[in-house]
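Source file: upload_14.txt (compact mmCIF, N, CA and C atoms)
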```txt
# COMPACT_ATOMS: atom_id res chain seq x y z
N MET A 562 136.96 118.74 87.99
CA MET A 562 137.32 119.47 89.19
C MET A 562 136.40 119.04 90.32
N LEU A 563 136.99 118.75 91.45
CA LEU A 563 136.24 118.32 92.63
C LEU A 563 136.06 119.51 93.56
N TYR A 564 134.82 119.74 93.97
CA TYR A 564 134.52 120.85 94.86
C TYR A 564 133.95 120.29 96.15
N GLU A 565 134.56 120.62 97.27
CA GLU A 565 134.05 120.25 98.58
C GLU A 565 134.10 121.47 99.49
N LYS A 566 133.06 121.59 100.30
CA LYS A 566 132.96 122.72 101.22
C LYS A 566 132.65 122.18 102.62
N LYS A 567 133.46 122.52 103.60
CA LYS A 567 133.22 122.08 104.97
C LYS A 567 132.09 122.89 105.58
N ILE A 568 131.27 122.19 106.37
CA ILE A 568 130.13 122.82 107.04
C ILE A 568 130.21 122.45 108.51
N SER A 569 130.08 123.45 109.39
CA SER A 569 130.28 123.19 110.82
C SER A 569 129.08 123.47 111.71
N SER A 570 127.90 123.69 111.12
CA SER A 570 126.72 123.90 111.96
C SER A 570 125.48 123.37 111.23
N PHE A 571 124.47 123.01 112.00
CA PHE A 571 123.25 122.47 111.42
C PHE A 571 122.52 123.51 110.56
N PRO A 572 122.39 124.77 111.00
CA PRO A 572 121.76 125.76 110.13
C PRO A 572 122.47 125.92 108.78
N LYS A 573 123.80 125.81 108.78
CA LYS A 573 124.55 125.92 107.53
C LYS A 573 124.30 124.69 106.65
N VAL A 574 124.13 123.51 107.26
CA VAL A 574 123.78 122.31 106.49
C VAL A 574 122.45 122.53 105.79
N MET A 575 121.47 123.04 106.52
CA MET A 575 120.14 123.25 105.94
C MET A 575 120.18 124.33 104.86
N SER A 576 120.97 125.36 105.05
CA SER A 576 121.12 126.41 104.04
C SER A 576 121.73 125.83 102.77
N GLU A 577 122.73 124.98 102.94
CA GLU A 577 123.38 124.35 101.78
C GLU A 577 122.40 123.43 101.06
N LEU A 578 121.60 122.68 101.80
CA LEU A 578 120.63 121.78 101.18
C LEU A 578 119.56 122.55 100.42
N ASN A 579 119.22 123.74 100.91
CA ASN A 579 118.21 124.57 100.26
C ASN A 579 118.66 125.03 98.88
N THR A 580 119.96 125.18 98.68
CA THR A 580 120.49 125.67 97.40
C THR A 580 121.25 124.59 96.63
N LEU A 581 121.07 123.34 97.02
CA LEU A 581 121.81 122.23 96.44
C LEU A 581 121.45 122.00 94.96
N ASP A 582 122.46 121.82 94.13
CA ASP A 582 122.25 121.46 92.73
C ASP A 582 121.84 120.00 92.63
N LEU A 583 121.26 119.62 91.49
CA LEU A 583 120.81 118.24 91.30
C LEU A 583 121.95 117.23 91.31
N ASP A 584 123.14 117.61 90.94
CA ASP A 584 124.26 116.67 90.90
C ASP A 584 125.16 116.80 92.13
N ALA A 585 124.66 117.40 93.19
CA ALA A 585 125.46 117.64 94.39
C ALA A 585 124.84 116.95 95.59
N GLY A 586 125.56 117.00 96.72
CA GLY A 586 125.05 116.39 97.94
C GLY A 586 125.79 116.89 99.17
N VAL A 587 125.36 116.39 100.31
CA VAL A 587 125.99 116.69 101.59
C VAL A 587 126.19 115.37 102.31
N ARG A 588 127.36 115.21 102.90
CA ARG A 588 127.62 114.00 103.69
C ARG A 588 128.07 114.41 105.09
N SER A 589 127.71 113.56 106.04
CA SER A 589 128.05 113.83 107.43
C SER A 589 128.08 112.50 108.17
N THR A 590 128.30 112.59 109.46
CA THR A 590 128.18 111.41 110.31
C THR A 590 126.98 111.62 111.22
N GLY A 591 126.50 110.53 111.79
CA GLY A 591 125.35 110.64 112.66
C GLY A 591 125.13 109.38 113.46
N LYS A 592 123.92 109.27 113.98
CA LYS A 592 123.54 108.11 114.77
C LYS A 592 122.10 107.76 114.42
N PHE A 593 121.87 106.48 114.13
CA PHE A 593 120.55 105.99 113.78
C PHE A 593 120.36 104.62 114.42
N SER A 594 119.28 104.46 115.17
CA SER A 594 119.01 103.20 115.88
C SER A 594 120.21 102.77 116.72
N SER A 595 120.76 103.71 117.46
CA SER A 595 121.90 103.49 118.36
C SER A 595 123.17 103.05 117.64
N ARG A 596 123.27 103.29 116.34
CA ARG A 596 124.47 102.92 115.59
C ARG A 596 125.06 104.15 114.93
N LYS A 597 126.38 104.28 115.02
CA LYS A 597 127.06 105.35 114.29
C LYS A 597 126.88 105.09 112.80
N CYS A 598 126.69 106.16 112.05
CA CYS A 598 126.45 105.97 110.62
C CYS A 598 126.96 107.16 109.81
N PHE A 599 127.05 106.92 108.51
CA PHE A 599 127.28 108.00 107.56
C PHE A 599 125.93 108.45 107.04
N VAL A 600 125.79 109.74 106.84
CA VAL A 600 124.55 110.34 106.34
C VAL A 600 124.86 111.00 105.00
N PHE A 601 124.18 110.56 103.95
CA PHE A 601 124.35 111.14 102.62
C PHE A 601 123.01 111.72 102.20
N VAL A 602 123.01 112.99 101.77
CA VAL A 602 121.79 113.64 101.30
C VAL A 602 122.04 114.15 99.89
N THR A 603 121.16 113.77 98.97
CA THR A 603 121.25 114.26 97.59
C THR A 603 119.92 114.86 97.20
N ARG A 604 119.93 115.63 96.12
CA ARG A 604 118.72 116.29 95.66
C ARG A 604 118.34 115.72 94.29
N SER A 605 117.04 115.54 94.08
CA SER A 605 116.53 115.08 92.79
C SER A 605 115.39 116.00 92.37
N LEU A 606 114.81 115.72 91.23
CA LEU A 606 113.68 116.53 90.76
C LEU A 606 112.49 116.43 91.71
N ASN A 607 112.37 115.31 92.43
CA ASN A 607 111.23 115.09 93.33
C ASN A 607 111.47 115.57 94.76
N GLY A 608 112.68 116.00 95.08
CA GLY A 608 112.97 116.43 96.44
C GLY A 608 114.36 116.02 96.87
N TYR A 609 114.43 115.34 98.02
CA TYR A 609 115.71 114.96 98.62
C TYR A 609 115.69 113.48 98.96
N THR A 610 116.86 112.85 98.87
CA THR A 610 117.02 111.46 99.28
C THR A 610 118.09 111.40 100.35
N VAL A 611 117.79 110.72 101.45
CA VAL A 611 118.74 110.50 102.53
C VAL A 611 119.09 109.03 102.55
N ALA A 612 120.37 108.72 102.57
CA ALA A 612 120.84 107.34 102.68
C ALA A 612 121.74 107.25 103.91
N LEU A 613 121.43 106.31 104.78
CA LEU A 613 122.23 106.09 105.99
C LEU A 613 122.95 104.75 105.87
N TYR A 614 124.25 104.76 106.14
CA TYR A 614 125.07 103.55 106.08
C TYR A 614 125.82 103.38 107.39
N SER A 615 125.85 102.15 107.91
CA SER A 615 126.62 101.90 109.12
C SER A 615 128.10 102.10 108.81
N MET A 616 128.89 102.26 109.88
CA MET A 616 130.33 102.49 109.74
C MET A 616 131.09 101.22 110.07
N LYS A 617 132.18 101.00 109.32
CA LYS A 617 133.12 99.95 109.70
C LYS A 617 134.50 100.57 109.69
N SER A 618 135.36 100.08 110.56
CA SER A 618 136.72 100.61 110.66
C SER A 618 137.69 99.69 109.92
N VAL A 619 138.50 100.31 109.07
CA VAL A 619 139.54 99.59 108.34
C VAL A 619 140.81 100.41 108.46
N LYS A 620 141.80 99.85 109.14
CA LYS A 620 143.08 100.53 109.33
C LYS A 620 142.90 101.94 109.87
N LYS A 621 142.14 102.07 110.93
CA LYS A 621 141.88 103.34 111.62
C LYS A 621 141.10 104.35 110.77
N GLU A 622 140.44 103.88 109.73
CA GLU A 622 139.63 104.74 108.88
C GLU A 622 138.20 104.23 108.92
N SER A 623 137.24 105.14 108.98
CA SER A 623 135.84 104.74 108.95
C SER A 623 135.33 104.73 107.52
N LEU A 624 134.69 103.62 107.15
CA LEU A 624 134.15 103.46 105.80
C LEU A 624 132.69 103.06 105.87
N PRO A 625 131.89 103.42 104.85
CA PRO A 625 130.49 102.97 104.83
C PRO A 625 130.42 101.46 104.73
N ASP A 626 129.43 100.88 105.41
CA ASP A 626 129.28 99.43 105.41
C ASP A 626 127.88 99.07 104.89
N LYS A 627 126.99 98.68 105.77
CA LYS A 627 125.66 98.23 105.37
C LYS A 627 124.67 99.39 105.33
N ARG A 628 123.79 99.33 104.34
CA ARG A 628 122.76 100.36 104.23
C ARG A 628 121.74 100.15 105.33
N LEU A 629 121.48 101.20 106.10
CA LEU A 629 120.52 101.14 107.19
C LEU A 629 119.15 101.66 106.78
N LEU A 630 119.14 102.69 105.93
CA LEU A 630 117.88 103.34 105.57
C LEU A 630 118.08 104.21 104.34
N VAL A 631 117.07 104.21 103.48
CA VAL A 631 116.99 105.19 102.39
C VAL A 631 115.60 105.78 102.47
N LYS A 632 115.52 107.09 102.52
CA LYS A 632 114.24 107.76 102.69
C LYS A 632 114.19 109.00 101.81
N GLU A 633 113.03 109.24 101.21
CA GLU A 633 112.86 110.41 100.36
C GLU A 633 111.97 111.45 101.04
N PHE A 634 112.29 112.71 100.79
CA PHE A 634 111.54 113.83 101.34
C PHE A 634 111.22 114.79 100.21
N THR A 635 109.99 115.25 100.15
CA THR A 635 109.62 116.21 99.11
C THR A 635 109.79 117.65 99.59
N LEU A 636 109.71 117.85 100.90
CA LEU A 636 109.79 119.21 101.46
C LEU A 636 110.99 119.35 102.40
N LEU A 637 111.64 120.50 102.32
CA LEU A 637 112.81 120.78 103.15
C LEU A 637 112.50 120.74 104.65
N PRO A 638 111.36 121.25 105.15
CA PRO A 638 111.09 121.17 106.59
C PRO A 638 110.99 119.72 107.10
N GLU A 639 110.46 118.81 106.29
CA GLU A 639 110.40 117.39 106.68
C GLU A 639 111.81 116.82 106.79
N LEU A 640 112.65 117.16 105.83
CA LEU A 640 114.04 116.71 105.83
C LEU A 640 114.77 117.27 107.05
N GLU A 641 114.56 118.55 107.35
CA GLU A 641 115.21 119.19 108.49
C GLU A 641 114.84 118.48 109.80
N LYS A 642 113.57 118.16 109.96
CA LYS A 642 113.12 117.47 111.18
C LYS A 642 113.81 116.12 111.32
N PHE A 643 113.89 115.37 110.23
CA PHE A 643 114.53 114.05 110.28
C PHE A 643 116.03 114.19 110.58
N LEU A 644 116.71 115.07 109.86
CA LEU A 644 118.16 115.21 110.04
C LEU A 644 118.53 115.73 111.41
N SER A 645 117.68 116.55 112.02
CA SER A 645 117.99 117.09 113.35
C SER A 645 118.12 115.99 114.38
N GLY A 646 117.48 114.86 114.16
CA GLY A 646 117.60 113.74 115.08
C GLY A 646 118.66 112.73 114.69
N VAL A 647 119.31 112.94 113.54
CA VAL A 647 120.27 111.95 113.04
C VAL A 647 121.70 112.48 113.01
N ILE A 648 121.91 113.68 112.51
CA ILE A 648 123.26 114.22 112.32
C ILE A 648 123.94 114.44 113.67
N ALA A 649 125.20 114.00 113.75
CA ALA A 649 125.98 114.10 114.99
C ALA A 649 126.32 115.55 115.30
N LYS A 650 126.38 115.83 116.60
CA LYS A 650 126.80 117.14 117.08
C LYS A 650 128.12 116.96 117.81
N PRO A 651 129.12 117.79 117.63
CA PRO A 651 129.13 118.95 116.74
C PRO A 651 129.10 118.51 115.28
N VAL A 652 128.49 119.34 114.46
CA VAL A 652 128.32 119.03 113.05
C VAL A 652 129.64 119.15 112.31
N LYS A 653 129.97 118.09 111.57
CA LYS A 653 131.13 118.08 110.67
C LYS A 653 130.63 117.48 109.37
N ALA A 654 130.19 118.34 108.48
CA ALA A 654 129.62 117.89 107.21
C ALA A 654 130.42 118.46 106.04
N ILE A 655 130.21 117.87 104.88
CA ILE A 655 130.87 118.32 103.67
C ILE A 655 129.86 118.37 102.54
N ALA A 656 129.80 119.51 101.86
CA ALA A 656 128.97 119.64 100.66
C ALA A 656 129.87 119.31 99.48
N TYR A 657 129.33 118.58 98.54
CA TYR A 657 130.10 118.19 97.36
C TYR A 657 129.26 118.33 96.10
```

Entire entry expressed as structure tokens:
Amino acid sequence: MLYEKKISSFPKVMSELNTLDLDAGVRSTGKFSSRKCFVFVTRSLNGYTVALYSMKSVKKESLPDKRLLVKEFTLLPELEKFLSGVIAKPVKAIAY
């Protein structure tokens, strides 16, 4: 069974990340180094991992392309500070 939950605000993204299971994640769009990107956040035993991928368009659909950055965070406030500068506004994220 596939579970996805739409998230429409940054505080709700952070709330979802705070209660994230180890096999779950949050994805969104954003901007990094002046490039539109996909933002993937997952949780591990050591904290959180953020992976940013550039976007490419294929038949009017945006798909992940090249990896721009992978960064690990042990504390939620550090992750929040980083994501606040990356995630696009208005927020359109999905928890999975």

DSSP says strand (DSSP E) for which residues of chain A? Put them as a ChimeraX atom specification? /A:566-568,586-593,596-605,608-619,622-634,654-656

Just give me the gap between CA of Arg628 in chain A and CA of Leu613 in chain A in Å, one decimal is fine.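 Computed distance, CA of Arg628 in chain A to CA of Leu613 in chain A, equals 6.0 Å.
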
Set the distance at 6 Å and use all atoms listed in the file: which residues neighbour range 643-647 of chain A once local chain neighbours fewer than 5 positions away are removed? I'd like the list as a PDB file with N, CA and C atoms, in the frame of the given file.
```pdb
ATOM      1  N   THR A 590     128.300 112.590 109.460  1.00  0.00           N
ATOM      2  CA  THR A 590     128.180 111.410 110.310  1.00  0.00           C
ATOM      3  C   THR A 590     126.980 111.620 111.220  1.00  0.00           C
ATOM      4  N   GLY A 591     126.500 110.530 111.790  1.00  0.00           N
ATOM      5  CA  GLY A 591     125.350 110.640 112.660  1.00  0.00           C
ATOM      6  C   GLY A 591     125.130 109.380 113.460  1.00  0.00           C
ATOM      7  N   LYS A 592     123.920 109.270 113.980  1.00  0.00           N
ATOM      8  CA  LYS A 592     123.540 108.110 114.770  1.00  0.00           C
ATOM      9  C   LYS A 592     122.100 107.760 114.420  1.00  0.00           C
ATOM     10  N   PHE A 593     121.870 106.480 114.130  1.00  0.00           N
ATOM     11  CA  PHE A 593     120.550 105.990 113.780  1.00  0.00           C
ATOM     12  C   PHE A 593     120.360 104.620 114.420  1.00  0.00           C
TER      13      PHE A 593
END
```

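Comparing A:Ser615, A:Phe634, A:Lys573, A:Val602 by their smallest distance to Val587 in chain A, the closest is A:Val602 (using all atoms listed in the file).
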
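Our summary of the geometry notes that CA of Leu581 in chain A is positioned 6.7 Å from CA of Arg604 in chain A.
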
Extract, using only N, CA and C atoms, all DNA, RNA and protein residues at most 6.5 Å from Phe601 in chain A, discarding same-chain residues fewer than 5 positions from it, and format them as a list in words.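 In the requested form, the answer reads Val587, Arg588, Ser589, Thr610, Val611, Ala612, Leu613 and Tyr614 of chain A.
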
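Distances from A:Asn607, A:Phe599, A:Leu578, A:Gly586 to Leu624 in chain A were compared using all atoms listed in the file, and the smallest one belongs to A:Phe599.
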
Report, in Å to a single decimal, how far apart atom N of Ile648 in chain A and atom C of Ser569 in chain A are.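 Answer for the atom C of Ser569 in chain A to atom N of Ile648 in chain A separation: 12.2 Å.
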
Select, from A:Leu636, A:Ala654, A:Ala649, A:Val574, the residue with the minimum atom-to-atom distance to Tyr609 in chain A, counting only N, CA and C atoms.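 Using only N, CA and C atoms, Tyr609 in chain A sits closest to A:Leu636.
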
Kindly indicate which residue among A:Ser570, A:Arg596, A:Gly608, A:Glu577 lies nearest to Glu633 in chain A, using only N, CA and C atoms for the distances.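 For Glu633 in chain A, the nearest of the candidates is A:Gly608.
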
Got a sec to tell me which of range 577-644 of chain A DSSP assigns to helix (DSSP H, G or I), as a VMD selection string? chain A and resid 577 to 579 637 to 644

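Taking all atoms listed in the file, the non-local environment of Leu583 in chain A within 8 Å (same-chain residues fewer than 6 positions away omitted) comprises Thr603, Arg604, Ser605 and Leu606 of chain A.
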
Selection to disk with N, CA and C atoms, as a PDB file, keeping the file's coordinate frame:
```
ATOM      1  N   THR A 603     121.160 113.770  98.970  1.00  0.00           N
ATOM      2  CA  THR A 603     121.250 114.260  97.590  1.00  0.00           C
ATOM      3  C   THR A 603     119.920 114.860  97.200  1.00  0.00           C
ATOM      4  N   ARG A 604     119.930 115.630  96.120  1.00  0.00           N
ATOM      5  CA  ARG A 604     118.720 116.290  95.660  1.00  0.00           C
ATOM      6  C   ARG A 604     118.340 115.720  94.290  1.00  0.00           C
ATOM      7  N   SER A 605     117.040 115.540  94.080  1.00  0.00           N
ATOM      8  CA  SER A 605     116.530 115.080  92.790  1.00  0.00           C
ATOM      9  C   SER A 605     115.390 116.000  92.370  1.00  0.00           C
ATOM     10  N   LEU A 606     114.810 115.720  91.230  1.00  0.00           N
ATOM     11  CA  LEU A 606     113.680 116.530  90.760  1.00  0.00           C
ATOM     12  C   LEU A 606     112.490 116.430  91.710  1.00  0.00           C
TER      13      LEU A 606
END
```
